[in-house]
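Data first, discussion second: the structure below is written as structure tokens.
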Amino acid sequence: MSVEDETPEFELGDRIYIEGGRYDQARGRIYYMDSDLIRLLPEGAPDRLIDIPIVDGDLEVATRTCVGGNNKFYSEKCFAQLFKECLEKTSLKDTDGLKACLEETRVSENAVSSFASFVVQHPEHRIVAKAISPMLFTVHTGVVMADGTVHLSERHVNWPQGLSSLKIGSYAQKAFEKEGDADTLLRNTAAQRGWRWQGLVFKDGKGERWRMRTPTYTLLRQLRGSEATSLERFFRLRTQRKVVDYLKHYREESDEFWKYEEALRARTSDVFSAYVDVHKAHAVAFKDLPAEIRPAVFLLHTKWRDELRPKGFSVRLQNVIQVVNNLRPFEKKRLMDMEPYVAVATRETDENLAPSA
């Protein structure tokens with residue numbers, strides 16, 4: 001009778017390198033270890049430790065850029081939370097139901113792990129068309145074999161019932177005889193389905209996909225942009241003079257955008273008041289201005305010195321607006337986040353006072 005060595009493969013002080021997962025490319029020495037945890041002292045960062053839990057058979061949610069799904073985009077909720085709410089609306093009900101389906105797949109294929117890819121549609125994560133309720137769709141499933149080989153399955157007939165019921169609608173297989181037939185199909189279907197229809201996705205059955213978007217969807221998708229926050233989106237659209245066009249399709253953001261507009265206009269007025277205090281009335285030293293407003297006041301004075309003074313012009317409100325509009329997004333955000341500036345002088349009193357160079 002032989003006795004297997006049950007001692008761990010790693011020991012304290014060992015140098016390890018991790019590939020894949022949440023701790024991808026982490027490198028360092030094992031500082032502490034027990035049956036549930038490895039604590040890693042990363043190379044080049046002696047002032048911190050990385051806790052790596054040892055978990056067998058756990059379910060991990062991930063987006064294309066974040067293991068754990070804790071990143072956000074259009075919604076205040078992270079993707080993991082949006083996924084959970086969509087999952088609750090399906091027959092799977094929760095992560096335990098999903099885990100059972102994936103385990104069924106793993107066992108049937110004699111694999112070491114299994115996975116599934118989904119499309120999430122949530123009312124709080126609108127891209128173009130607005131979702132009425134949370135919905136979840138299966139794109140494909142797959143398994144990882146002991147030798148590292150990955151097998152994908154794109155046919156819903158090969159999936160467990162819980163995942164098969166979430167399949168994406170498809171068209172019958174079609175062979176295109178000449179170039180342009182696919183475009184014709186796209187245009188004809190778009191005319192039937194309306195602007196909310198995104199387009200076609202072609203799949204080769206091996207995990208590769210090719211997308212054809214309708215011109216209308218593409219236009220609205222570009223209008224929507226890729227900004228992570230509504231404030232960043234507001235800045236871009238305002239610069240492009242497309243706020244009105246945008247709000248025609250995304251009316252639910254009208255109140256929020258108007259608050260941004262009011263705040264930016266108020267801070268623009270504050271920039272003018274601060275400029276008067278410093279460079280006209282000489283009632284406040286530039287260094288005593290709030291840090292958030294100094295860049296705009298400095299640029300405004302530079303504009304007067306280099307452009308307006310040679311022409312005999314003084315600073316007017318339209319000049320202030322130009323300067324604020326040309327600030328970088330992070331400078332605008334800092335300006336909008338500051339407390340209202342309390343002016344010392346008045347513009348009316350000092351309108352005819354010439355600023356100093």
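Identifiers for the structure tokens are assigned positionally: chains receive A, B, ... in sequence, residues are indexed from 1 per chain, and ligands are indexed from 1 in the order shown.
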Contact check, range 223-302 of chain A to range 127-142 of chain A, at most 9 Å, counting only C-alpha atoms, closest pairs as JSON lines:
{"residue": "A:Arg224", "atom": "CA", "partner": "A:Ile127", "partner_atom": "CA", "distance": 6.8}
{"residue": "A:Gly225", "atom": "CA", "partner": "A:Ile127", "partner_atom": "CA", "distance": 8.8}
{"residue": "A:His249", "atom": "CA", "partner": "A:Val128", "partner_atom": "CA", "distance": 8.3}
{"residue": "A:Tyr250", "atom": "CA", "partner": "A:Val128", "partner_atom": "CA", "distance": 8.6}
Rows by chain and residue number, range 172-271 of chain A within 10 Å of range 286-294 of chain A, shortest pair, only C-alpha atoms, as JSON lines:
{"residue": "A:Arg267", "atom": "CA", "partner": "A:Ile293", "partner_atom": "CA", "distance": 8.6}
{"residue": "A:Thr268", "atom": "CA", "partner": "A:Ile293", "partner_atom": "CA", "distance": 9.5}
{"residue": "A:Asp270", "atom": "CA", "partner": "A:Ile293", "partner_atom": "CA", "distance": 8.3}
{"residue": "A:Val271", "atom": "CA", "partner": "A:Ile293", "partner_atom": "CA", "distance": 6.5}
Would you mind exporting the chosen residues as a compact mmCIF listing (two decimals), in the first residue's frame, restricted to N, CA and C atoms?
# COMPACT_ATOMS: atom_id res chain seq x y z
N ARG A 267 -20.63 78.48 -12.27
CA ARG A 267 -19.18 78.55 -12.03
C ARG A 267 -18.50 79.44 -13.06
N THR A 268 -19.05 79.52 -14.28
CA THR A 268 -18.52 80.45 -15.28
C THR A 268 -18.66 81.88 -14.80
N ASP A 270 -18.76 82.72 -11.71
CA ASP A 270 -17.80 82.85 -10.61
C ASP A 270 -16.40 83.15 -11.13
N VAL A 271 -16.02 82.55 -12.26
CA VAL A 271 -14.71 82.83 -12.86
C VAL A 271 -14.59 84.31 -13.20
Practice item. Taking the chain letters and numbering used in this document, name the residues of range 98-180 of chain A that DSSP puts in strand (DSSP E or B), as an MDAnalysis selection string. Key: chainID A and resid 113:121 135:144 150:153 167
Could you write those residues out with N, CA and C atoms, as an mmCIF file, in the first residue's frame?
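Here's the written file result31.cif:
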data_model
loop_
_atom_site.group_PDB
_atom_site.id
_atom_site.type_symbol
_atom_site.label_atom_id
_atom_site.label_comp_id
_atom_site.auth_asym_id
_atom_site.auth_seq_id
_atom_site.Cartn_x
_atom_site.Cartn_y
_atom_site.Cartn_z
ATOM 1 N N SER A 113 -13.276 22.420 -15.401
ATOM 2 C CA SER A 113 -14.085 23.606 -15.117
ATOM 3 C C SER A 113 -14.979 23.890 -16.312
ATOM 4 N N SER A 114 -15.992 24.720 -16.082
ATOM 5 C CA SER A 114 -16.928 25.078 -17.153
ATOM 6 C C SER A 114 -17.280 26.545 -17.037
ATOM 7 N N PHE A 115 -17.810 27.110 -18.110
ATOM 8 C CA PHE A 115 -18.143 28.531 -18.125
ATOM 9 C C PHE A 115 -19.265 28.782 -19.120
ATOM 10 N N ALA A 116 -19.812 29.978 -19.053
ATOM 11 C CA ALA A 116 -20.838 30.415 -20.002
ATOM 12 C C ALA A 116 -20.687 31.905 -20.214
ATOM 13 N N SER A 117 -21.011 32.359 -21.414
ATOM 14 C CA SER A 117 -20.950 33.781 -21.759
ATOM 15 C C SER A 117 -22.366 34.294 -21.952
ATOM 16 N N PHE A 118 -22.634 35.488 -21.423
ATOM 17 C CA PHE A 118 -23.988 36.036 -21.453
ATOM 18 C C PHE A 118 -24.011 37.456 -22.002
ATOM 19 N N VAL A 119 -25.180 37.847 -22.498
ATOM 20 C CA VAL A 119 -25.486 39.237 -22.808
ATOM 21 C C VAL A 119 -26.476 39.716 -21.755
ATOM 22 N N VAL A 120 -26.173 40.837 -21.121
ATOM 23 C CA VAL A 120 -27.029 41.414 -20.082
ATOM 24 C C VAL A 120 -27.781 42.612 -20.655
ATOM 25 N N GLN A 121 -29.099 42.629 -20.474
ATOM 26 C CA GLN A 121 -29.908 43.796 -20.824
ATOM 27 C C GLN A 121 -30.626 44.257 -19.566
ATOM 28 N N MET A 135 -33.013 41.346 -18.425
ATOM 29 C CA MET A 135 -33.049 40.139 -19.257
ATOM 30 C C MET A 135 -31.640 39.594 -19.436
ATOM 31 N N LEU A 136 -31.551 38.274 -19.584
ATOM 32 C CA LEU A 136 -30.259 37.605 -19.710
ATOM 33 C C LEU A 136 -30.317 36.629 -20.882
ATOM 34 N N PHE A 137 -29.260 36.613 -21.704
ATOM 35 C CA PHE A 137 -29.210 35.737 -22.865
ATOM 36 C C PHE A 137 -27.878 34.994 -22.887
ATOM 37 N N THR A 138 -27.933 33.704 -23.196
ATOM 38 C CA THR A 138 -26.722 32.896 -23.298
ATOM 39 C C THR A 138 -26.119 33.031 -24.692
ATOM 40 N N VAL A 139 -24.823 33.310 -24.747
ATOM 41 C CA VAL A 139 -24.109 33.405 -26.024
ATOM 42 C C VAL A 139 -23.495 32.055 -26.383
ATOM 43 N N HIS A 140 -22.745 31.484 -25.451
ATOM 44 C CA HIS A 140 -22.183 30.155 -25.648
ATOM 45 C C HIS A 140 -21.775 29.596 -24.296
ATOM 46 N N THR A 141 -21.496 28.310 -24.261
ATOM 47 C CA THR A 141 -20.964 27.658 -23.068
ATOM 48 C C THR A 141 -19.632 27.029 -23.440
ATOM 49 N N GLY A 142 -18.911 26.548 -22.435
ATOM 50 C CA GLY A 142 -17.629 25.936 -22.725
ATOM 51 C C GLY A 142 -17.064 25.207 -21.523
ATOM 52 N N VAL A 143 -16.059 24.412 -21.761
ATOM 53 C CA VAL A 143 -15.381 23.679 -20.692
ATOM 54 C C VAL A 143 -13.880 23.762 -20.904
ATOM 55 N N VAL A 144 -13.144 23.581 -19.810
ATOM 56 C CA VAL A 144 -11.688 23.519 -19.849
ATOM 57 C C VAL A 144 -11.280 22.122 -19.406
ATOM 58 N N VAL A 150 -9.612 24.151 -24.396
ATOM 59 C CA VAL A 150 -10.924 24.787 -24.200
ATOM 60 C C VAL A 150 -11.853 24.361 -25.336
ATOM 61 N N HIS A 151 -13.048 23.880 -24.980
ATOM 62 C CA HIS A 151 -14.052 23.496 -25.964
ATOM 63 C C HIS A 151 -15.258 24.421 -25.817
ATOM 64 N N LEU A 152 -15.679 25.038 -26.922
ATOM 65 C CA LEU A 152 -16.845 25.914 -26.925
ATOM 66 C C LEU A 152 -18.041 25.207 -27.550
ATOM 67 N N SER A 153 -19.231 25.576 -27.087
ATOM 68 C CA SER A 153 -20.464 25.061 -27.672
ATOM 69 C C SER A 153 -21.401 26.239 -27.940
ATOM 70 N N LYS A 167 -31.396 31.172 -24.753
ATOM 71 C CA LYS A 167 -30.707 31.329 -26.042
ATOM 72 C C LYS A 167 -31.161 32.597 -26.754
#
Point to revise | CA of Phe257 in chain A to CA of His122 in chain A, distance in Å rounded to a single decimal | key: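 Distance between the two atoms: 21.6 Å.
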Point to revise | Proximity to Leu200 in chain A - best of A:Leu220, A:Ala45, A:Cys66, A:Ile168, only C-alpha atoms | key: A:Ile168
Check your understanding: Could you work out how far CA of Asp58 in chain A lies from CA of Val112 in chain A, giving the answer in Å with one decimal?
Key ->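 Distance reported for this atom pair: 12.4 Å.
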Check your understanding: With only C-alpha atoms as the atoms that count, which of A:Thr90, A:Thr216, A:Thr149, A:Ser226 lies nearest to Ser164 in chain A?
Key ->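 Closest residue, counting only C-alpha atoms: A:Thr90.
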Review point. Hey, what does DSSP flag as alpha helix (DSSP H) within range 192-276 of chain A? Can you give it to me as an NGL selection string?
Key: :A and (192-193 or 215-224 or 230-240 or 243-249 or 254-275)
Check your understanding: Between A:Tyr217, A:Phe272, A:Tyr171, A:Phe234, which one has atoms that come closest to Gly199 in chain A, using only C-alpha atoms?
Key ->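 The answer is A:Tyr217, which sits nearest to Gly199 in chain A.
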